[in-house]
$ cat start-v1.txt   # compact mmCIF, C-alpha atoms
# COMPACT_ATOMS: atom_id res chain seq x y z
CA MET A 1 -71.31 -54.10 18.55
CA SER A 2 -72.70 -51.19 16.54
CA LEU A 3 -74.76 -51.46 13.42
CA SER A 4 -74.09 -49.12 10.51
CA THR A 5 -76.86 -47.58 8.44
CA PRO A 6 -76.84 -48.32 4.70
CA GLU A 7 -76.74 -45.45 2.25
CA ASP A 8 -80.46 -45.85 1.48
CA GLY A 9 -81.29 -44.90 5.10
CA ARG A 10 -82.57 -48.31 6.16
CA LEU A 11 -81.32 -49.89 9.33
CA SER A 12 -78.76 -52.64 8.95
CA PRO A 13 -80.20 -56.15 9.44
CA GLY A 14 -79.98 -57.68 12.90
CA LEU A 15 -81.49 -57.54 16.35
CA TYR A 16 -81.98 -54.26 18.23
CA ILE A 17 -82.69 -54.60 21.97
CA VAL A 18 -84.61 -51.44 22.90
CA ALA A 19 -85.29 -50.31 26.48
CA THR A 20 -88.66 -48.57 26.83
CA PRO A 21 -90.11 -46.32 29.57
CA ILE A 22 -91.28 -47.86 32.85
CA GLY A 23 -93.69 -44.97 33.41
CA ASN A 24 -93.24 -41.57 31.85
CA LEU A 25 -93.18 -41.98 28.07
CA SER A 26 -90.82 -39.01 27.81
CA ASP A 27 -88.10 -41.25 29.26
CA LEU A 28 -87.72 -42.94 25.85
CA SER A 29 -84.35 -41.87 24.47
CA PRO A 30 -84.13 -40.14 21.07
CA ARG A 31 -81.95 -43.01 19.81
CA ALA A 32 -84.52 -45.60 20.92
CA ALA A 33 -87.32 -43.62 19.25
CA ASN A 34 -85.29 -43.47 16.04
CA ILE A 35 -84.70 -47.23 15.98
CA LEU A 36 -88.34 -48.07 16.75
CA SER A 37 -89.59 -45.77 14.00
CA ARG A 38 -87.29 -47.38 11.40
CA ALA A 39 -87.26 -51.07 12.35
CA ASP A 40 -88.76 -53.47 9.81
CA ALA A 41 -90.68 -55.15 12.64
CA ILE A 42 -90.87 -55.01 16.43
CA ALA A 43 -91.11 -58.10 18.64
CA VAL A 44 -93.43 -57.07 21.47
CA GLU A 45 -94.74 -58.45 24.74
CA ASP A 46 -98.17 -56.80 24.32
CA SER A 47 -99.01 -55.02 21.06
CA ARG A 48 -101.50 -52.71 22.82
CA VAL A 49 -98.81 -51.38 25.15
CA THR A 50 -96.25 -50.90 22.38
CA ALA A 51 -98.87 -49.28 20.11
CA ARG A 52 -99.34 -46.52 22.70
CA LEU A 53 -95.58 -45.95 22.77
CA LEU A 54 -95.38 -45.81 18.98
CA GLN A 55 -98.29 -43.38 18.92
CA HIS A 56 -96.40 -41.20 21.40
CA ILE A 57 -93.45 -40.90 18.99
CA GLY A 58 -95.74 -40.54 15.97
CA THR A 59 -95.07 -43.74 14.07
CA LYS A 60 -96.57 -47.11 13.19
CA ARG A 61 -94.55 -50.27 12.65
CA PRO A 62 -95.42 -53.96 12.16
CA MET A 63 -95.53 -55.75 15.51
CA ILE A 64 -94.97 -59.45 16.24
CA PRO A 65 -96.16 -60.83 19.61
CA TYR A 66 -93.23 -62.47 21.44
CA HIS A 67 -93.81 -63.62 25.01
CA ASP A 68 -93.61 -66.61 27.38
CA HIS A 69 -96.47 -68.47 25.72
CA ASN A 70 -95.34 -68.31 22.08
CA ALA A 71 -91.58 -67.62 22.20
CA ASP A 72 -90.43 -71.09 21.16
CA ARG A 73 -92.78 -71.07 18.20
CA VAL A 74 -92.10 -67.51 17.03
CA ARG A 75 -88.34 -67.32 17.61
CA PRO A 76 -87.17 -69.28 14.51
CA GLY A 77 -89.10 -66.94 12.22
CA LEU A 78 -87.63 -63.87 13.87
CA ILE A 79 -84.11 -65.28 13.57
CA ALA A 80 -84.65 -65.96 9.87
CA ARG A 81 -85.88 -62.42 9.24
CA MET A 82 -82.79 -60.91 10.91
CA ALA A 83 -80.69 -62.01 7.96
CA SER A 84 -82.24 -59.26 5.84
CA GLU A 85 -84.31 -57.11 8.20
CA ALA A 86 -83.88 -54.97 11.31
CA ILE A 87 -85.89 -56.55 14.14
CA ALA A 88 -86.37 -54.57 17.34
CA LEU A 89 -87.15 -56.29 20.65
CA VAL A 90 -89.10 -54.51 23.39
CA SER A 91 -90.89 -55.48 26.59
CA ASP A 92 -93.98 -53.75 27.96
CA ALA A 93 -91.79 -51.57 30.17
CA GLY A 94 -88.09 -51.29 30.91
CA THR A 95 -85.16 -53.23 29.55
CA PRO A 96 -85.89 -56.44 27.59
CA LEU A 97 -84.44 -59.72 28.96
CA ILE A 98 -84.99 -58.62 32.58
CA SER A 99 -87.59 -61.15 33.82
CA ASP A 100 -88.68 -62.11 30.29
CA PRO A 101 -87.66 -64.74 27.69
CA GLY A 102 -85.62 -62.41 25.51
CA PHE A 103 -82.23 -63.95 26.29
CA LYS A 104 -83.02 -66.95 24.08
CA LEU A 105 -83.64 -64.65 21.14
CA VAL A 106 -80.26 -62.98 21.69
CA ARG A 107 -78.55 -66.36 22.09
CA ASP A 108 -80.02 -67.73 18.86
CA ALA A 109 -79.38 -64.51 16.94
CA ARG A 110 -75.70 -64.68 17.86
CA ALA A 111 -75.53 -68.38 17.00
CA ALA A 112 -76.96 -67.57 13.56
CA GLY A 113 -74.29 -64.91 13.02
CA HIS A 114 -76.61 -61.92 13.12
CA ALA A 115 -75.57 -58.54 14.50
CA VAL A 116 -76.95 -57.70 17.96
CA VAL A 117 -76.97 -54.23 19.51
CA THR A 118 -78.53 -52.92 22.71
CA LEU A 119 -80.05 -49.49 23.30
CA PRO A 120 -79.80 -49.03 27.09
CA GLY A 121 -82.43 -47.21 29.06
CA PRO A 122 -84.95 -47.54 31.90
CA CYS A 123 -84.90 -50.56 34.26
CA ALA A 124 -87.23 -50.73 37.27
CA ALA A 125 -84.75 -52.74 39.37
CA ILE A 126 -81.97 -50.15 39.02
CA ALA A 127 -84.35 -47.21 39.39
CA ALA A 128 -85.70 -48.65 42.66
CA LEU A 129 -82.17 -49.22 43.94
CA THR A 130 -81.40 -45.54 43.44
CA LEU A 131 -84.51 -44.55 45.42
CA ALA A 132 -84.11 -46.95 48.34
CA GLY A 133 -81.15 -45.41 50.15
CA LEU A 134 -79.60 -48.84 50.72
CA PRO A 135 -76.06 -50.01 49.82
CA THR A 136 -75.44 -50.07 46.06
CA ASP A 137 -71.90 -51.44 45.86
CA ARG A 138 -73.16 -55.05 45.55
CA PHE A 139 -76.68 -56.12 44.66
CA LEU A 140 -78.51 -59.26 43.51
CA PHE A 141 -81.61 -59.25 41.31
CA LEU A 142 -84.03 -62.06 42.16
CA GLY A 143 -86.90 -61.34 39.76
CA PHE A 144 -90.21 -62.72 41.08
CA LEU A 145 -90.11 -65.18 43.99
CA PRO A 146 -92.18 -68.40 43.66
CA ALA A 147 -95.86 -68.04 44.54
CA LYS A 148 -96.08 -71.14 46.76
CA ALA A 149 -94.98 -70.64 50.37
CA LYS A 150 -92.52 -73.57 50.59
CA ALA A 151 -90.78 -72.77 47.30
CA ARG A 152 -90.65 -69.08 48.24
CA ALA A 153 -89.10 -69.85 51.64
CA ASP A 154 -86.52 -72.11 49.99
CA ALA A 155 -85.59 -69.40 47.48
CA ILE A 156 -85.16 -66.86 50.29
CA ALA A 157 -83.02 -69.27 52.31
CA GLU A 158 -80.66 -69.67 49.33
CA VAL A 159 -79.76 -65.97 49.41
CA ALA A 160 -79.97 -65.25 53.16
CA ALA A 161 -76.20 -65.23 53.70
CA ILE A 162 -75.28 -63.28 50.56
CA ARG A 163 -73.71 -59.96 51.51
CA ALA A 164 -75.51 -57.86 48.93
CA THR A 165 -78.61 -55.72 48.64
CA LEU A 166 -81.48 -57.79 47.23
CA ILE A 167 -83.87 -56.54 44.53
CA LEU A 168 -87.06 -58.32 43.51
CA TYR A 169 -90.31 -57.69 41.69
CA GLU A 170 -93.74 -58.30 43.16
CA SER A 171 -97.45 -57.72 42.54
CA GLY A 172 -99.74 -55.78 44.87
CA PRO A 173 -101.88 -58.71 46.08
CA ARG A 174 -98.77 -60.74 47.04
CA LEU A 175 -96.74 -57.89 48.49
CA ALA A 176 -97.53 -58.24 52.21
CA ALA A 177 -97.03 -62.02 52.19
CA THR A 178 -93.71 -61.67 50.39
CA LEU A 179 -92.48 -59.00 52.81
CA ALA A 180 -93.44 -61.24 55.75
CA ALA A 181 -91.68 -64.23 54.17
CA LEU A 182 -88.56 -62.13 53.60
CA GLY A 183 -88.64 -61.09 57.25
CA ASP A 184 -88.95 -64.71 58.36
CA GLY A 185 -86.11 -65.89 56.16
CA LEU A 186 -83.71 -62.94 56.35
CA GLY A 187 -84.41 -61.35 59.70
CA ASN A 188 -86.00 -57.94 60.20
CA ARG A 189 -83.75 -56.03 57.78
CA GLU A 190 -84.20 -52.51 56.46
CA ALA A 191 -86.06 -52.47 53.15
CA ALA A 192 -87.90 -50.30 50.65
CA VAL A 193 -91.00 -50.71 48.50
CA ALA A 194 -90.91 -48.64 45.30
CA ARG A 195 -93.90 -48.35 42.99
CA GLU A 196 -95.17 -46.31 40.05
CA ILE A 197 -91.58 -45.33 39.26
CA SER A 198 -91.34 -42.23 37.02
CA LYS A 199 -95.14 -41.85 37.06
CA ARG A 200 -97.19 -39.10 38.69
CA PHE A 201 -97.72 -41.00 41.94
CA GLU A 202 -94.23 -42.44 42.29
CA GLU A 203 -93.42 -43.43 45.86
CA CYS A 204 -90.71 -45.24 47.78
CA VAL A 205 -91.64 -46.33 51.31
CA THR A 206 -88.82 -47.41 53.63
CA GLY A 207 -88.77 -49.28 56.93
CA THR A 208 -88.06 -52.72 58.34
CA LEU A 209 -89.53 -55.76 56.63
CA SER A 210 -92.01 -56.25 59.48
CA GLU A 211 -93.11 -52.61 59.35
CA LEU A 212 -93.64 -52.76 55.59
CA ALA A 213 -95.50 -56.10 55.80
CA ALA A 214 -97.88 -54.59 58.38
CA ARG A 215 -98.35 -51.44 56.29
CA TYR A 216 -99.50 -53.34 53.20
CA GLU A 217 -101.33 -56.25 54.88
CA ASP A 218 -104.79 -54.71 54.55
CA THR A 219 -104.10 -52.22 51.77
CA PRO A 220 -102.28 -53.88 48.87
CA PRO A 221 -101.02 -51.19 46.49
CA LYS A 222 -101.56 -51.00 42.75
CA GLY A 223 -98.95 -50.62 40.06
CA GLU A 224 -95.57 -52.13 39.32
CA ILE A 225 -93.70 -52.87 42.56
CA VAL A 226 -90.02 -53.36 43.38
CA ILE A 227 -88.80 -54.54 46.80
CA VAL A 228 -85.25 -53.65 47.86
CA VAL A 229 -83.78 -55.35 50.95
CA ALA A 230 -80.60 -54.39 52.81
CA PRO A 231 -77.72 -56.89 53.06
CA PRO A 232 -77.19 -58.80 56.32
CA GLY A 233 -75.44 -57.03 59.18
CA GLU A 234 -71.82 -57.71 60.05
CA ALA A 235 -71.26 -61.19 61.48
CA PRO A 236 -70.27 -61.21 65.16
CA PRO A 237 -66.56 -61.79 65.80
CA VAL A 238 -65.44 -65.38 66.33
CA THR A 239 -64.73 -66.05 70.01
CA GLU A 240 -61.89 -68.16 71.37
CA THR A 241 -64.44 -70.79 72.40
CA ASP A 242 -65.86 -70.87 68.85
CA ALA A 243 -62.38 -71.25 67.34
CA ASP A 244 -61.48 -74.05 69.74
CA ALA A 245 -64.68 -75.92 68.88
CA MET A 246 -63.98 -75.59 65.16
CA LEU A 247 -60.40 -76.75 65.66
CA ARG A 248 -61.45 -79.81 67.66
CA GLU A 249 -63.86 -80.83 64.93
CA ALA A 250 -61.27 -80.24 62.18
CA LEU A 251 -58.64 -82.28 64.05
CA THR A 252 -60.91 -85.34 63.91
CA ARG A 253 -60.44 -85.26 60.13
CA LEU A 254 -57.17 -83.48 59.41
CA PRO A 255 -53.59 -83.14 60.66
CA ALA A 256 -52.85 -80.03 62.75
CA ALA A 257 -51.50 -77.84 59.93
CA LYS A 258 -54.44 -78.52 57.60
CA ALA A 259 -56.94 -78.13 60.44
CA ALA A 260 -55.46 -74.74 61.31
CA ASN A 261 -55.56 -73.67 57.67
CA GLU A 262 -59.23 -74.67 57.33
CA VAL A 263 -60.28 -72.76 60.44
CA ALA A 264 -58.18 -69.73 59.44
CA LYS A 265 -60.01 -69.50 56.11
CA ALA A 266 -63.41 -69.84 57.79
CA THR A 267 -62.79 -67.30 60.54
CA GLY A 268 -60.13 -64.89 59.35
CA LEU A 269 -57.98 -65.70 62.39
CA GLN A 270 -54.21 -66.10 62.10
CA LYS A 271 -53.16 -69.54 60.89
CA ARG A 272 -49.98 -69.38 63.03
CA ASP A 273 -51.97 -68.92 66.25
CA LEU A 274 -54.47 -71.61 65.30
CA TYR A 275 -51.66 -74.07 64.50
CA ALA A 276 -50.08 -73.52 67.92
CA ARG A 277 -53.45 -74.04 69.55
CA ALA A 278 -54.04 -77.21 67.50
CA LEU A 279 -50.67 -78.62 68.68
CA GLU A 280 -51.67 -77.92 72.30
CA MET A 281 -54.91 -79.82 71.77
CA LYS A 282 -53.14 -82.81 70.22
CA GLY A 283 -50.56 -82.78 73.03
$ encode --input "start-v1.txt" --output "structure tokens"
Amino acid sequence: MSLSTPEDGRLSPGLYIVATPIGNLSDLSPRAANILSRADAIAVEDSRVTARLLQHIGTKRPMIPYHDHNADRVRPGLIARMASEAIALVSDAGTPLISDPGFKLVRDARAAGHAVVTLPGPCAAIAALTLAGLPTDRFLFLGFLPAKAKARADAIAEVAAIRATLILYESGPRLAATLAALGDGLGNREAAVAREISKRFEECVTGTLSELAARYEDTPPKGEIVIVVAPPGEAPPVTETDADAMLREALTRLPAAKAANEVAKATGLQKRDLYARALEMKG
């Protein structure tokens, strides 16, 4: 949905979701700069960070802190103001709503009937994916994994079989432990560690999960970090012995036709051949 500009030059009331640079301030789009310089107020994660961005584009605007610790308290007031004012939403870096509480603001703004528009731009997860040299046709963003070892291992186990490149955020002090946990839960897949994206010392280091864990074990890096992990390799083909075992188990529960259908779906083998084999077993 687009928002028109009234004849007096003011922005139309509503919520403007504005992506901000993840490093180089010159990555801010002209459209984003225009909206930020004209918004009635800006909901910010950290006013000090946004103040530097506003200084870069030569403007000052009222800022309202909006983050994990105060979102529930501040949100109703922001929603009320959207009826007559243009409220911009930014995070410290990148696209709002990615690993922050912004989605609730969008949800409530829509429920209240306010206009909502997004100004797309930088996103660390997508930028890291482009640097990693890993498959991009399917990917899954995991945000930050849990800090505690058991919860982290459980979260990794949930996605181990998903045939997609995995993208997650991490801090320097936890990087090596997270890479090791990913290796334990996923196998020693190819991966990349991207940091300081679009900044002077941008780097993207590639290797296996075990190689990367060893690299950073004693030298945790600084800066914003994105881990990208390759999808699992192709599953080995189902052998005749495997298919027979699956059929025998299915036949304890199902008639031959349904057992053959179940195994065909699980293995990709021909249902006709499996049905004939199932009849032999029953005979």
$ closest_residue --input "start-v1.txt" --among "A:Arg52, A:Lys104, A:Arg174, A:Arg195" --to "Pro76 of chain A" --atoms "all atoms listed in the file"
A:Lys104
$ residues_around --input "start-v1.txt" --residues "segment 266-275 of chain A" --least-positions-apart "5" --cutoff "6 Å" --atoms "only C-alpha atoms" --output "short mmCIF file (atom, residue, chain, number, x, y, z; two decimals) with C-alpha atoms, in the coordinates of the input"
data_model
loop_
_atom_site.label_atom_id
_atom_site.label_comp_id
_atom_site.auth_asym_id
_atom_site.auth_seq_id
_atom_site.Cartn_x
_atom_site.Cartn_y
_atom_site.Cartn_z
CA ALA A 257 -51.50 -77.84 59.93
CA ALA A 260 -55.46 -74.74 61.31
CA ASN A 261 -55.56 -73.67 57.67
#
$ residues_around --input "start-v1.txt" --residues "segment 58-64 of chain A" --least-positions-apart "5" --cutoff "7 Å" --atoms "all atoms listed in the file" --output "VMD selection string"
chain A and resid 37 41 to 44 47
$ atom_distance --input "start-v1.txt" --atom1 "atom CA of Ile225 of chain A" --atom2 "atom CA of Tyr169 of chain A"
6.0 Å
$ closest_residue --input "start-v1.txt" --among "A:Ser91, A:Thr50, A:Thr118, A:Thr136" --to "Ala32 of chain A" --atoms "only C-alpha atoms"
A:Thr118
$ atom_distance --input "start-v1.txt" --atom1 "atom CA of Ala230 of chain A" --atom2 "atom CA of Arg215 of chain A"
18.3 Å
$ residues_near_point --input "start-v1.txt" --point "(-90.0, -67.6, 46.2)" --cutoff "10 Å" --atoms "all atoms listed in the file" --output "ChimeraX atom specification"
/A:142-157,178,181-182
$ atom_distance --input "start-v1.txt" --atom1 "atom CA of Glu202 of chain A" --atom2 "atom CA of Arg31 of chain A"
25.6 Å
$ residues_near_point --input "start-v1.txt" --point "(-92.1, -48.4, 30.6)" --cutoff "6 Å" --atoms "all atoms listed in the file" --output "PyMOL selection string"
chain A and resi 20-23+93-94
$ closest_residue --input "start-v1.txt" --among "A:Ala71, A:Ala264, A:Ala213, A:Ile167" --to "Asp184 of chain A" --atoms "all atoms listed in the file"
A:Ala213
$ closest_residue --input "start-v1.txt" --among "A:Pro65, A:Pro221, A:Pro122, A:Gly113" --to "Ala83 of chain A" --atoms "all atoms listed in the file"
A:Gly113
$ residues_around --input "start-v1.txt" --residues "Ala39 of chain A" --least-positions-apart "5" --cutoff "12 Å" --atoms "all atoms listed in the file" --output "count of residues only"
29
$ closest_residue --input "start-v1.txt" --among "A:Leu247, A:Ile197, A:Leu53, A:Leu254" --to "Ser26 of chain A" --atoms "only C-alpha atoms"
A:Leu53
$ closest_residue --input "start-v1.txt" --among "A:Ala80, A:Leu36, A:Val74, A:Leu131" --to "Leu119 of chain A" --atoms "all atoms listed in the file"
A:Leu36
